[in-house]
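Participant: Pasting run39.cif below, which is mmCIF, N, CA and C atoms.
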```cif
data_upload
#
loop_
_atom_site.label_atom_id
_atom_site.label_comp_id
_atom_site.auth_asym_id
_atom_site.auth_seq_id
_atom_site.Cartn_x
_atom_site.Cartn_y
_atom_site.Cartn_z
N PHE A 1 -29.76 -9.99 27.77
CA PHE A 1 -28.40 -10.02 27.25
C PHE A 1 -28.08 -8.70 26.59
N ARG A 2 -26.83 -8.33 26.70
CA ARG A 2 -26.39 -7.10 26.07
C ARG A 2 -25.08 -7.37 25.34
N PHE A 3 -25.03 -6.98 24.08
CA PHE A 3 -23.82 -7.18 23.28
C PHE A 3 -23.23 -5.84 22.92
N MET A 4 -21.94 -5.76 22.98
CA MET A 4 -21.28 -4.53 22.55
C MET A 4 -20.43 -4.86 21.33
N VAL A 5 -20.66 -4.14 20.27
CA VAL A 5 -19.88 -4.34 19.05
C VAL A 5 -18.96 -3.13 18.90
N GLU A 6 -17.69 -3.40 18.87
CA GLU A 6 -16.73 -2.32 18.72
C GLU A 6 -16.22 -2.28 17.28
N PRO A 7 -16.02 -1.08 16.76
CA PRO A 7 -15.48 -0.99 15.40
C PRO A 7 -14.06 -1.52 15.38
N PRO A 8 -13.58 -1.94 14.22
CA PRO A 8 -12.20 -2.43 14.15
C PRO A 8 -11.23 -1.32 14.54
N SER A 9 -10.12 -1.73 15.11
CA SER A 9 -9.09 -0.78 15.47
C SER A 9 -7.74 -1.39 15.15
N GLY A 10 -6.70 -0.63 15.30
CA GLY A 10 -5.37 -1.12 15.01
C GLY A 10 -5.22 -1.47 13.55
N ALA A 11 -4.45 -2.50 13.27
CA ALA A 11 -4.18 -2.91 11.89
C ALA A 11 -5.45 -3.26 11.12
N ASN A 12 -6.47 -3.78 11.80
CA ASN A 12 -7.71 -4.14 11.13
C ASN A 12 -8.49 -2.94 10.62
N ALA A 13 -8.18 -1.75 11.11
CA ALA A 13 -8.90 -0.55 10.68
C ALA A 13 -8.14 0.24 9.62
N VAL A 14 -6.97 -0.23 9.22
CA VAL A 14 -6.17 0.45 8.19
C VAL A 14 -6.57 -0.09 6.83
N THR A 15 -6.83 0.81 5.88
CA THR A 15 -7.27 0.38 4.55
C THR A 15 -6.49 1.08 3.45
N LEU A 16 -6.34 0.38 2.35
CA LEU A 16 -5.74 0.93 1.14
C LEU A 16 -6.84 1.66 0.38
N LYS A 17 -6.62 2.92 0.04
CA LYS A 17 -7.60 3.65 -0.75
C LYS A 17 -7.44 3.21 -2.20
N LYS A 18 -8.49 2.61 -2.74
CA LYS A 18 -8.44 2.05 -4.08
C LYS A 18 -8.58 3.12 -5.15
N ASN A 19 -7.86 2.94 -6.24
CA ASN A 19 -7.95 3.84 -7.38
C ASN A 19 -8.78 3.13 -8.44
N ALA A 20 -9.73 3.83 -9.05
CA ALA A 20 -10.63 3.20 -10.02
C ALA A 20 -9.90 2.76 -11.28
N GLN A 21 -8.78 3.41 -11.58
CA GLN A 21 -8.05 3.08 -12.80
C GLN A 21 -7.15 1.88 -12.53
N ALA A 22 -7.31 0.81 -13.29
CA ALA A 22 -6.58 -0.43 -13.03
C ALA A 22 -5.11 -0.32 -13.42
N VAL A 23 -4.82 0.22 -14.60
CA VAL A 23 -3.43 0.33 -15.06
C VAL A 23 -3.08 1.81 -15.12
N LYS A 24 -1.94 2.15 -14.55
CA LYS A 24 -1.52 3.55 -14.54
C LYS A 24 -0.12 3.67 -15.10
N VAL A 25 0.17 4.85 -15.64
CA VAL A 25 1.50 5.17 -16.15
C VAL A 25 2.01 6.37 -15.35
N VAL A 26 3.18 6.23 -14.74
CA VAL A 26 3.74 7.31 -13.93
C VAL A 26 5.23 7.44 -14.21
N LYS A 27 5.82 8.56 -13.79
CA LYS A 27 7.26 8.76 -13.94
C LYS A 27 7.99 8.70 -12.61
N ASP A 28 7.34 9.19 -11.55
CA ASP A 28 8.04 9.39 -10.28
C ASP A 28 7.85 8.28 -9.26
N GLY A 29 7.12 7.25 -9.58
CA GLY A 29 6.91 6.17 -8.63
C GLY A 29 5.44 5.82 -8.50
N VAL A 30 5.19 4.68 -7.89
CA VAL A 30 3.83 4.18 -7.69
C VAL A 30 3.39 4.59 -6.29
N GLN A 31 2.26 5.30 -6.20
CA GLN A 31 1.82 5.85 -4.93
C GLN A 31 0.55 5.17 -4.43
N PHE A 32 0.53 4.90 -3.13
CA PHE A 32 -0.61 4.31 -2.46
C PHE A 32 -1.02 5.21 -1.32
N ALA A 33 -2.31 5.45 -1.17
CA ALA A 33 -2.84 6.20 -0.03
C ALA A 33 -3.38 5.18 0.96
N ILE A 34 -2.91 5.24 2.17
CA ILE A 34 -3.32 4.31 3.21
C ILE A 34 -4.09 5.11 4.27
N ASP A 35 -5.35 4.73 4.50
CA ASP A 35 -6.20 5.42 5.46
C ASP A 35 -6.00 4.81 6.85
N CYS A 36 -5.45 5.60 7.75
CA CYS A 36 -5.19 5.15 9.12
C CYS A 36 -6.08 5.88 10.13
N SER A 37 -7.06 6.62 9.64
CA SER A 37 -7.84 7.50 10.50
C SER A 37 -8.61 6.77 11.60
N ARG A 38 -8.98 5.52 11.39
CA ARG A 38 -9.76 4.78 12.41
C ARG A 38 -8.91 3.80 13.21
N ALA A 39 -7.60 3.81 12.99
CA ALA A 39 -6.75 2.79 13.59
C ALA A 39 -6.33 3.09 15.03
N GLY A 40 -6.54 4.31 15.49
CA GLY A 40 -6.08 4.65 16.82
C GLY A 40 -4.59 4.94 16.81
N PRO A 41 -3.99 5.07 18.00
CA PRO A 41 -2.56 5.39 18.04
C PRO A 41 -1.72 4.24 17.51
N GLY A 42 -0.67 4.58 16.80
CA GLY A 42 0.22 3.56 16.26
C GLY A 42 1.12 4.13 15.20
N VAL A 43 1.94 3.28 14.62
CA VAL A 43 2.91 3.68 13.63
C VAL A 43 2.75 2.83 12.37
N LEU A 44 2.69 3.50 11.22
CA LEU A 44 2.60 2.81 9.93
C LEU A 44 4.01 2.55 9.42
N THR A 45 4.27 1.32 9.00
CA THR A 45 5.54 0.99 8.36
C THR A 45 5.24 0.22 7.08
N ALA A 46 6.16 0.27 6.14
CA ALA A 46 5.97 -0.42 4.87
C ALA A 46 7.32 -0.91 4.37
N ALA A 47 7.30 -2.08 3.75
CA ALA A 47 8.50 -2.63 3.12
C ALA A 47 8.10 -3.16 1.76
N CYS A 48 8.91 -2.87 0.76
CA CYS A 48 8.63 -3.35 -0.58
C CYS A 48 9.83 -4.15 -1.06
N THR A 49 9.58 -5.39 -1.47
CA THR A 49 10.65 -6.24 -1.97
C THR A 49 10.38 -6.63 -3.41
N GLY A 50 11.45 -6.68 -4.19
CA GLY A 50 11.34 -7.06 -5.60
C GLY A 50 11.30 -8.56 -5.77
N PRO A 51 11.17 -9.02 -7.02
CA PRO A 51 11.05 -10.45 -7.29
C PRO A 51 12.25 -11.27 -6.79
N ALA A 52 13.44 -10.67 -6.77
CA ALA A 52 14.62 -11.39 -6.32
C ALA A 52 14.89 -11.17 -4.83
N GLY A 53 13.94 -10.56 -4.12
CA GLY A 53 14.10 -10.34 -2.70
C GLY A 53 14.80 -9.03 -2.34
N GLN A 54 15.18 -8.25 -3.35
CA GLN A 54 15.85 -6.98 -3.08
C GLN A 54 14.85 -5.94 -2.60
N LEU A 55 15.31 -5.02 -1.77
CA LEU A 55 14.44 -3.94 -1.30
C LEU A 55 14.22 -2.93 -2.42
N VAL A 56 12.99 -2.50 -2.59
CA VAL A 56 12.64 -1.48 -3.57
C VAL A 56 12.53 -0.17 -2.79
N PRO A 57 13.22 0.89 -3.27
CA PRO A 57 13.14 2.17 -2.54
C PRO A 57 11.70 2.64 -2.37
N ARG A 58 11.40 3.23 -1.21
CA ARG A 58 10.06 3.73 -0.94
C ARG A 58 10.14 4.94 -0.02
N GLU A 59 9.11 5.77 -0.09
CA GLU A 59 8.98 6.94 0.77
C GLU A 59 7.61 6.88 1.45
N CYS A 60 7.53 7.38 2.67
CA CYS A 60 6.25 7.49 3.37
C CYS A 60 6.10 8.93 3.83
N ARG A 61 4.91 9.50 3.64
CA ARG A 61 4.65 10.85 4.16
C ARG A 61 3.17 10.98 4.46
N LYS A 62 2.85 11.89 5.37
CA LYS A 62 1.47 12.11 5.79
C LYS A 62 0.81 13.11 4.85
N SER A 63 -0.47 12.85 4.53
CA SER A 63 -1.27 13.77 3.72
C SER A 63 -2.69 13.75 4.26
N GLY A 64 -3.03 14.73 5.09
CA GLY A 64 -4.35 14.73 5.74
C GLY A 64 -4.45 13.55 6.69
N SER A 65 -5.53 12.77 6.57
CA SER A 65 -5.70 11.61 7.44
C SER A 65 -5.05 10.35 6.85
N ALA A 66 -4.46 10.48 5.67
CA ALA A 66 -3.85 9.32 5.00
C ALA A 66 -2.33 9.40 5.07
N GLN A 67 -1.73 8.25 4.91
CA GLN A 67 -0.29 8.15 4.73
C GLN A 67 -0.07 7.81 3.26
N LEU A 68 0.83 8.51 2.61
CA LEU A 68 1.14 8.21 1.21
C LEU A 68 2.43 7.41 1.17
N ILE A 69 2.37 6.25 0.53
CA ILE A 69 3.55 5.41 0.34
C ILE A 69 3.86 5.42 -1.14
N THR A 70 5.08 5.80 -1.48
CA THR A 70 5.51 5.82 -2.88
C THR A 70 6.66 4.83 -3.04
N ILE A 71 6.49 3.88 -3.95
CA ILE A 71 7.60 2.97 -4.24
C ILE A 71 8.22 3.40 -5.56
N LYS A 72 9.53 3.21 -5.68
CA LYS A 72 10.27 3.66 -6.85
C LYS A 72 11.04 2.49 -7.46
N PRO A 73 10.34 1.63 -8.19
CA PRO A 73 11.01 0.48 -8.80
C PRO A 73 11.95 0.94 -9.92
N SER A 74 13.04 0.21 -10.10
CA SER A 74 14.00 0.56 -11.14
C SER A 74 14.01 -0.44 -12.28
N ARG A 75 13.23 -1.52 -12.13
CA ARG A 75 13.16 -2.51 -13.21
C ARG A 75 11.82 -3.23 -13.19
N PRO A 76 11.46 -3.86 -14.30
CA PRO A 76 10.18 -4.58 -14.37
C PRO A 76 10.16 -5.76 -13.40
N GLY A 77 8.98 -6.21 -13.09
CA GLY A 77 8.84 -7.37 -12.22
C GLY A 77 7.57 -7.30 -11.41
N LEU A 78 7.54 -8.08 -10.34
CA LEU A 78 6.37 -8.18 -9.48
C LEU A 78 6.78 -7.93 -8.03
N PRO A 79 7.03 -6.66 -7.66
CA PRO A 79 7.37 -6.40 -6.27
C PRO A 79 6.15 -6.57 -5.37
N SER A 80 6.43 -6.76 -4.09
CA SER A 80 5.38 -6.98 -3.10
C SER A 80 5.53 -5.93 -2.01
N LEU A 81 4.42 -5.25 -1.69
CA LEU A 81 4.41 -4.21 -0.67
C LEU A 81 3.69 -4.74 0.56
N GLU A 82 4.39 -4.76 1.68
CA GLU A 82 3.78 -5.19 2.94
C GLU A 82 3.61 -3.96 3.82
N VAL A 83 2.38 -3.74 4.27
CA VAL A 83 2.05 -2.57 5.09
C VAL A 83 1.68 -3.06 6.48
N MET A 84 2.30 -2.45 7.48
CA MET A 84 2.08 -2.85 8.87
C MET A 84 1.61 -1.65 9.69
N TRP A 85 0.74 -1.92 10.65
CA TRP A 85 0.32 -0.91 11.61
C TRP A 85 0.70 -1.40 12.98
N ASP A 86 1.61 -0.70 13.62
CA ASP A 86 2.11 -1.07 14.95
C ASP A 86 2.60 -2.52 14.98
N GLY A 87 3.29 -2.92 13.94
CA GLY A 87 3.87 -4.26 13.89
C GLY A 87 2.95 -5.36 13.40
N GLN A 88 1.68 -5.04 13.09
CA GLN A 88 0.73 -6.04 12.60
C GLN A 88 0.38 -5.72 11.15
N GLN A 89 0.36 -6.75 10.31
CA GLN A 89 0.02 -6.56 8.90
C GLN A 89 -1.43 -6.10 8.77
N ILE A 90 -1.68 -5.13 7.87
CA ILE A 90 -3.05 -4.70 7.64
C ILE A 90 -3.80 -5.83 6.95
N PRO A 91 -5.14 -5.82 6.98
CA PRO A 91 -5.91 -6.93 6.40
C PRO A 91 -5.56 -7.19 4.93
N GLY A 92 -5.59 -8.45 4.58
CA GLY A 92 -5.31 -8.86 3.21
C GLY A 92 -3.86 -9.28 3.05
N PRO A 93 -3.56 -9.87 1.91
CA PRO A 93 -2.19 -10.29 1.65
C PRO A 93 -1.32 -9.08 1.33
N PRO A 94 0.00 -9.26 1.30
CA PRO A 94 0.82 -8.15 0.79
C PRO A 94 0.32 -7.74 -0.60
N ILE A 95 0.49 -6.48 -0.93
CA ILE A 95 0.02 -5.95 -2.21
C ILE A 95 1.07 -6.24 -3.28
N GLU A 96 0.67 -6.95 -4.32
CA GLU A 96 1.59 -7.24 -5.43
C GLU A 96 1.30 -6.29 -6.58
N ILE A 97 2.36 -5.77 -7.19
CA ILE A 97 2.24 -4.77 -8.24
C ILE A 97 3.01 -5.24 -9.46
N MET A 98 2.34 -5.40 -10.59
CA MET A 98 3.02 -5.77 -11.82
C MET A 98 3.64 -4.51 -12.41
N ILE A 99 4.96 -4.50 -12.54
CA ILE A 99 5.68 -3.32 -13.03
C ILE A 99 6.25 -3.61 -14.42
N GLU A 100 6.03 -2.68 -15.33
CA GLU A 100 6.68 -2.71 -16.65
C GLU A 100 7.31 -1.35 -16.86
N MET A 101 8.36 -1.29 -17.65
CA MET A 101 9.04 -0.04 -17.94
C MET A 101 8.94 0.24 -19.44
N ASN A 102 8.75 1.54 -19.78
CA ASN A 102 8.65 1.93 -21.18
C ASN A 102 9.12 3.37 -21.32
N ASP A 103 10.25 3.60 -21.96
CA ASP A 103 10.78 4.94 -22.20
C ASP A 103 10.86 5.78 -20.93
N GLY A 104 11.37 5.22 -19.86
CA GLY A 104 11.54 5.95 -18.61
C GLY A 104 10.26 6.09 -17.80
N ARG A 105 9.16 5.55 -18.30
CA ARG A 105 7.90 5.60 -17.56
C ARG A 105 7.66 4.26 -16.90
N ILE A 106 6.94 4.30 -15.79
CA ILE A 106 6.58 3.07 -15.07
C ILE A 106 5.12 2.78 -15.37
N LEU A 107 4.84 1.59 -15.87
CA LEU A 107 3.46 1.14 -16.06
C LEU A 107 3.20 0.12 -14.96
N TYR A 108 2.11 0.28 -14.24
CA TYR A 108 1.85 -0.68 -13.17
C TYR A 108 0.38 -1.05 -13.08
N GLU A 109 0.18 -2.23 -12.51
CA GLU A 109 -1.18 -2.74 -12.27
C GLU A 109 -1.16 -3.46 -10.94
N LEU A 110 -2.15 -3.21 -10.09
CA LEU A 110 -2.26 -3.91 -8.83
C LEU A 110 -2.76 -5.32 -9.08
N CYS A 111 -2.07 -6.30 -8.55
CA CYS A 111 -2.49 -7.70 -8.72
C CYS A 111 -3.41 -8.14 -7.59
N ASP A 112 -3.12 -7.71 -6.38
CA ASP A 112 -3.95 -8.04 -5.21
C ASP A 112 -4.43 -6.73 -4.62
N VAL A 113 -5.71 -6.44 -4.72
CA VAL A 113 -6.24 -5.20 -4.16
C VAL A 113 -7.08 -5.56 -2.96
N LEU A 114 -6.85 -4.86 -1.86
CA LEU A 114 -7.59 -5.13 -0.62
C LEU A 114 -9.03 -4.70 -0.78
#
```
Could you render the structure from this file as structure tokens?

Facilitator:
Amino acid sequence: FRFMVEPPSGANAVTLKKNAQAVKVVKDGVQFAIDCSRAGPGVLTAACTGPAGQLVPRECRKSGSAQLITIKPSRPGLPSLEVMWDGQQIPGPPIEIMIEMNDGRILYELCDVL
């Protein structure tokens, strides 16, 4: 018998690069690095919705082998970030981020980390 094991590809090979710091304070938005280097050809898309279902502004840009997704919440709450690779959700649930505001700064904590 011969078995061939192939590494994950597509959405299953896309990962969120974890930050060791659990709670962060930022001014310009919450940034996530998404590693797509092993996913093969495809397109990364992301949508972020706030607690009331409203879209939260976001930007996507390439940085080396990673895609950087920056969300720019305007009020406190628990927005949810859904990341897709070629139309398929990456492994894990959508990423939930607890957002608090303090003197124009954004305080955030990841609730669900892949």

Participant: Using only N, CA and C atoms, can you tell me which of A:Leu16, A:Tyr108, A:Ala46, A:Gly40 comes closest to A:Cys60?

Facilitator: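 Of A:Leu16, A:Tyr108, A:Ala46, A:Gly40, the one nearest A:Cys60, counting only N, CA and C atoms, is A:Ala46.
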
Participant: Output the residue selection produced by the PyMOL selection byres (((chain A and resi 25 and name CA) around 6) and name CA) on the file above, formatted as a PDB file with N, CA and C atoms, keeping the file's coordinate frame.

Facilitator:
```pdb
ATOM      1  N   LYS A  24      -1.940   2.150 -14.550  1.00  0.00           N
ATOM      2  CA  LYS A  24      -1.520   3.550 -14.540  1.00  0.00           C
ATOM      3  C   LYS A  24      -0.120   3.670 -15.100  1.00  0.00           C
ATOM      4  N   VAL A  26       3.180   6.230 -14.740  1.00  0.00           N
ATOM      5  CA  VAL A  26       3.740   7.310 -13.930  1.00  0.00           C
ATOM      6  C   VAL A  26       5.230   7.440 -14.210  1.00  0.00           C
ATOM      7  N   ILE A 106       6.940   4.300 -15.790  1.00  0.00           N
ATOM      8  CA  ILE A 106       6.580   3.070 -15.070  1.00  0.00           C
ATOM      9  C   ILE A 106       5.120   2.780 -15.370  1.00  0.00           C
ATOM     10  N   LEU A 107       4.840   1.590 -15.870  1.00  0.00           N
ATOM     11  CA  LEU A 107       3.460   1.140 -16.060  1.00  0.00           C
ATOM     12  C   LEU A 107       3.200   0.120 -14.960  1.00  0.00           C
TER      13      LEU A 107
END
```

Participant: Looking only at strand (DSSP E) from DSSP on the backbone, list the matching residues of stretch 6-100 of chain A as number ranges by chain.

Facilitator: A: 15-17, 23-26, 30-35, 44-49, 58-63, 66-71, 80-85, 88-89, 95-100

Participant: Written as a PDB file with N, CA and C atoms, keeping the file's coordinate frame, what is the full residue list that the PyMOL selection byres ((chain A and resi 69-84) around 7) yields on the file shown?

Facilitator:
```pdb
ATOM      1  N   ALA A  11      -4.450  -2.500  13.270  1.00  0.00           N
ATOM      2  CA  ALA A  11      -4.180  -2.910  11.890  1.00  0.00           C
ATOM      3  C   ALA A  11      -5.450  -3.260  11.120  1.00  0.00           C
ATOM      4  N   ASP A  28       7.340   9.190 -11.550  1.00  0.00           N
ATOM      5  CA  ASP A  28       8.040   9.390 -10.280  1.00  0.00           C
ATOM      6  C   ASP A  28       7.850   8.280  -9.260  1.00  0.00           C
ATOM      7  N   GLY A  29       7.120   7.250  -9.580  1.00  0.00           N
ATOM      8  CA  GLY A  29       6.910   6.170  -8.630  1.00  0.00           C
ATOM      9  C   GLY A  29       5.440   5.820  -8.500  1.00  0.00           C
ATOM     10  N   VAL A  30       5.190   4.680  -7.890  1.00  0.00           N
ATOM     11  CA  VAL A  30       3.830   4.180  -7.690  1.00  0.00           C
ATOM     12  C   VAL A  30       3.390   4.590  -6.290  1.00  0.00           C
ATOM     13  N   GLN A  31       2.260   5.300  -6.200  1.00  0.00           N
ATOM     14  CA  GLN A  31       1.820   5.850  -4.930  1.00  0.00           C
ATOM     15  C   GLN A  31       0.550   5.170  -4.430  1.00  0.00           C
ATOM     16  N   PHE A  32       0.530   4.900  -3.130  1.00  0.00           N
ATOM     17  CA  PHE A  32      -0.610   4.310  -2.460  1.00  0.00           C
ATOM     18  C   PHE A  32      -1.020   5.210  -1.320  1.00  0.00           C
ATOM     19  N   ALA A  33      -2.310   5.450  -1.170  1.00  0.00           N
ATOM     20  CA  ALA A  33      -2.840   6.200  -0.030  1.00  0.00           C
ATOM     21  C   ALA A  33      -3.380   5.180   0.960  1.00  0.00           C
ATOM     22  N   ILE A  34      -2.910   5.240   2.170  1.00  0.00           N
ATOM     23  CA  ILE A  34      -3.320   4.310   3.210  1.00  0.00           C
ATOM     24  C   ILE A  34      -4.090   5.110   4.270  1.00  0.00           C
ATOM     25  N   VAL A  43       1.940   3.280  14.620  1.00  0.00           N
ATOM     26  CA  VAL A  43       2.910   3.680  13.630  1.00  0.00           C
ATOM     27  C   VAL A  43       2.750   2.830  12.370  1.00  0.00           C
ATOM     28  N   LEU A  44       2.690   3.500  11.220  1.00  0.00           N
ATOM     29  CA  LEU A  44       2.600   2.810   9.930  1.00  0.00           C
ATOM     30  C   LEU A  44       4.010   2.550   9.420  1.00  0.00           C
ATOM     31  N   THR A  45       4.270   1.320   9.000  1.00  0.00           N
ATOM     32  CA  THR A  45       5.540   0.990   8.360  1.00  0.00           C
ATOM     33  C   THR A  45       5.240   0.220   7.080  1.00  0.00           C
ATOM     34  N   ALA A  46       6.160   0.270   6.140  1.00  0.00           N
ATOM     35  CA  ALA A  46       5.970  -0.420   4.870  1.00  0.00           C
ATOM     36  C   ALA A  46       7.320  -0.910   4.370  1.00  0.00           C
ATOM     37  N   ALA A  47       7.300  -2.080   3.750  1.00  0.00           N
ATOM     38  CA  ALA A  47       8.500  -2.630   3.120  1.00  0.00           C
ATOM     39  C   ALA A  47       8.100  -3.160   1.760  1.00  0.00           C
ATOM     40  N   CYS A  48       8.910  -2.870   0.760  1.00  0.00           N
ATOM     41  CA  CYS A  48       8.630  -3.350  -0.580  1.00  0.00           C
ATOM     42  C   CYS A  48       9.830  -4.150  -1.060  1.00  0.00           C
ATOM     43  N   THR A  49       9.580  -5.390  -1.470  1.00  0.00           N
ATOM     44  CA  THR A  49      10.650  -6.240  -1.970  1.00  0.00           C
ATOM     45  C   THR A  49      10.380  -6.630  -3.410  1.00  0.00           C
ATOM     46  N   GLY A  50      11.450  -6.680  -4.190  1.00  0.00           N
ATOM     47  CA  GLY A  50      11.340  -7.060  -5.600  1.00  0.00           C
ATOM     48  C   GLY A  50      11.300  -8.560  -5.770  1.00  0.00           C
ATOM     49  N   PRO A  51      11.170  -9.020  -7.020  1.00  0.00           N
ATOM     50  CA  PRO A  51      11.050 -10.450  -7.290  1.00  0.00           C
ATOM     51  C   PRO A  51      12.250 -11.270  -6.790  1.00  0.00           C
ATOM     52  N   VAL A  56      12.990  -2.500  -2.590  1.00  0.00           N
ATOM     53  CA  VAL A  56      12.640  -1.480  -3.570  1.00  0.00           C
ATOM     54  C   VAL A  56      12.530  -0.170  -2.790  1.00  0.00           C
ATOM     55  N   PRO A  57      13.220   0.890  -3.270  1.00  0.00           N
ATOM     56  CA  PRO A  57      13.140   2.170  -2.540  1.00  0.00           C
ATOM     57  C   PRO A  57      11.700   2.640  -2.370  1.00  0.00           C
ATOM     58  N   ARG A  58      11.400   3.230  -1.210  1.00  0.00           N
ATOM     59  CA  ARG A  58      10.060   3.730  -0.940  1.00  0.00           C
ATOM     60  C   ARG A  58      10.140   4.940  -0.020  1.00  0.00           C
ATOM     61  N   GLU A  59       9.110   5.770  -0.090  1.00  0.00           N
ATOM     62  CA  GLU A  59       8.980   6.940   0.770  1.00  0.00           C
ATOM     63  C   GLU A  59       7.610   6.880   1.450  1.00  0.00           C
ATOM     64  N   CYS A  60       7.530   7.380   2.670  1.00  0.00           N
ATOM     65  CA  CYS A  60       6.250   7.490   3.370  1.00  0.00           C
ATOM     66  C   CYS A  60       6.100   8.930   3.830  1.00  0.00           C
ATOM     67  N   ARG A  61       4.910   9.500   3.640  1.00  0.00           N
ATOM     68  CA  ARG A  61       4.650  10.850   4.160  1.00  0.00           C
ATOM     69  C   ARG A  61       3.170  10.980   4.460  1.00  0.00           C
ATOM     70  N   GLN A  67      -1.730   8.250   4.910  1.00  0.00           N
ATOM     71  CA  GLN A  67      -0.290   8.150   4.730  1.00  0.00           C
ATOM     72  C   GLN A  67      -0.070   7.810   3.260  1.00  0.00           C
ATOM     73  N   LEU A  68       0.830   8.510   2.610  1.00  0.00           N
ATOM     74  CA  LEU A  68       1.140   8.210   1.210  1.00  0.00           C
ATOM     75  C   LEU A  68       2.430   7.410   1.170  1.00  0.00           C
ATOM     76  N   TRP A  85       0.740  -1.920  10.650  1.00  0.00           N
ATOM     77  CA  TRP A  85       0.320  -0.910  11.610  1.00  0.00           C
ATOM     78  C   TRP A  85       0.700  -1.400  12.980  1.00  0.00           C
ATOM     79  N   ASP A  86       1.610  -0.700  13.620  1.00  0.00           N
ATOM     80  CA  ASP A  86       2.110  -1.070  14.950  1.00  0.00           C
ATOM     81  C   ASP A  86       2.600  -2.520  14.980  1.00  0.00           C
ATOM     82  N   GLY A  87       3.290  -2.920  13.940  1.00  0.00           N
ATOM     83  CA  GLY A  87       3.870  -4.260  13.890  1.00  0.00           C
ATOM     84  C   GLY A  87       2.950  -5.360  13.400  1.00  0.00           C
ATOM     85  N   GLN A  88       1.680  -5.040  13.090  1.00  0.00           N
ATOM     86  CA  GLN A  88       0.730  -6.040  12.600  1.00  0.00           C
ATOM     87  C   GLN A  88       0.380  -5.720  11.150  1.00  0.00           C
ATOM     88  N   GLN A  89       0.360  -6.750  10.310  1.00  0.00           N
ATOM     89  CA  GLN A  89       0.020  -6.560   8.900  1.00  0.00           C
ATOM     90  C   GLN A  89      -1.430  -6.100   8.770  1.00  0.00           C
ATOM     91  N   ILE A  90      -1.680  -5.130   7.870  1.00  0.00           N
ATOM     92  CA  ILE A  90      -3.050  -4.700   7.640  1.00  0.00           C
ATOM     93  C   ILE A  90      -3.800  -5.830   6.950  1.00  0.00           C
ATOM     94  N   PRO A  93      -3.560  -9.870   1.910  1.00  0.00           N
ATOM     95  CA  PRO A  93      -2.190 -10.290   1.650  1.00  0.00           C
ATOM     96  C   PRO A  93      -1.320  -9.080   1.330  1.00  0.00           C
ATOM     97  N   PRO A  94       0.000  -9.260   1.300  1.00  0.00           N
ATOM     98  CA  PRO A  94       0.820  -8.150   0.790  1.00  0.00           C
ATOM     99  C   PRO A  94       0.320  -7.740  -0.600  1.00  0.00           C
ATOM    100  N   ILE A  95       0.490  -6.480  -0.930  1.00  0.00           N
ATOM    101  CA  ILE A  95       0.020  -5.950  -2.210  1.00  0.00           C
ATOM    102  C   ILE A  95       1.070  -6.240  -3.280  1.00  0.00           C
ATOM    103  N   GLU A  96       0.670  -6.950  -4.320  1.00  0.00           N
ATOM    104  CA  GLU A  96       1.590  -7.240  -5.430  1.00  0.00           C
ATOM    105  C   GLU A  96       1.300  -6.290  -6.580  1.00  0.00           C
ATOM    106  N   ILE A  97       2.360  -5.770  -7.190  1.00  0.00           N
ATOM    107  CA  ILE A  97       2.240  -4.770  -8.240  1.00  0.00           C
ATOM    108  C   ILE A  97       3.010  -5.240  -9.460  1.00  0.00           C
ATOM    109  N   MET A  98       2.340  -5.400 -10.590  1.00  0.00           N
ATOM    110  CA  MET A  98       3.020  -5.770 -11.820  1.00  0.00           C
ATOM    111  C   MET A  98       3.640  -4.510 -12.410  1.00  0.00           C
ATOM    112  N   ILE A  99       4.960  -4.500 -12.540  1.00  0.00           N
ATOM    113  CA  ILE A  99       5.680  -3.320 -13.030  1.00  0.00           C
ATOM    114  C   ILE A  99       6.250  -3.610 -14.420  1.00  0.00           C
ATOM    115  N   GLU A 100       6.030  -2.680 -15.330  1.00  0.00           N
ATOM    116  CA  GLU A 100       6.680  -2.710 -16.650  1.00  0.00           C
ATOM    117  C   GLU A 100       7.310  -1.350 -16.860  1.00  0.00           C
ATOM    118  N   MET A 101       8.360  -1.290 -17.650  1.00  0.00           N
ATOM    119  CA  MET A 101       9.040  -0.040 -17.940  1.00  0.00           C
ATOM    120  C   MET A 101       8.940   0.240 -19.440  1.00  0.00           C
TER     121      MET A 101
END
```

Participant: What gap, in Å, lies between atom N of A:Arg38 and atom C of A:Ser65?

Facilitator: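 Distance between the two atoms: 7.7 Å.
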
Participant: Could you please determine the separation between atom N of A:Gln54 and atom CA of A:Val14 in Å, to one decimal place?

Facilitator: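 Taking atom N of A:Gln54 and atom CA of A:Val14, their separation equals 25.8 Å.
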
Participant: Write out as JSON, numbers by chain all residues of chain A that DSSP puts in helix (DSSP H, G or I) for this structure's backbone.

Facilitator: {"A": [10, 11, 12, 13]}

Participant: Report, in Å with one decimal, the straight-line distance from atom CA of A:Gly104 to atom CA of A:Leu55.

Facilitator: 20.1 Å

Participant: Restricting the calculation to only N, CA and C atoms: of A:Lys27, A:Ser37, A:Gly10, A:Thr15, which residue gets closest to A:Arg105?

Facilitator: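 When distances to A:Arg105 are compared using only N, CA and C atoms, the smallest one comes from A:Lys27.
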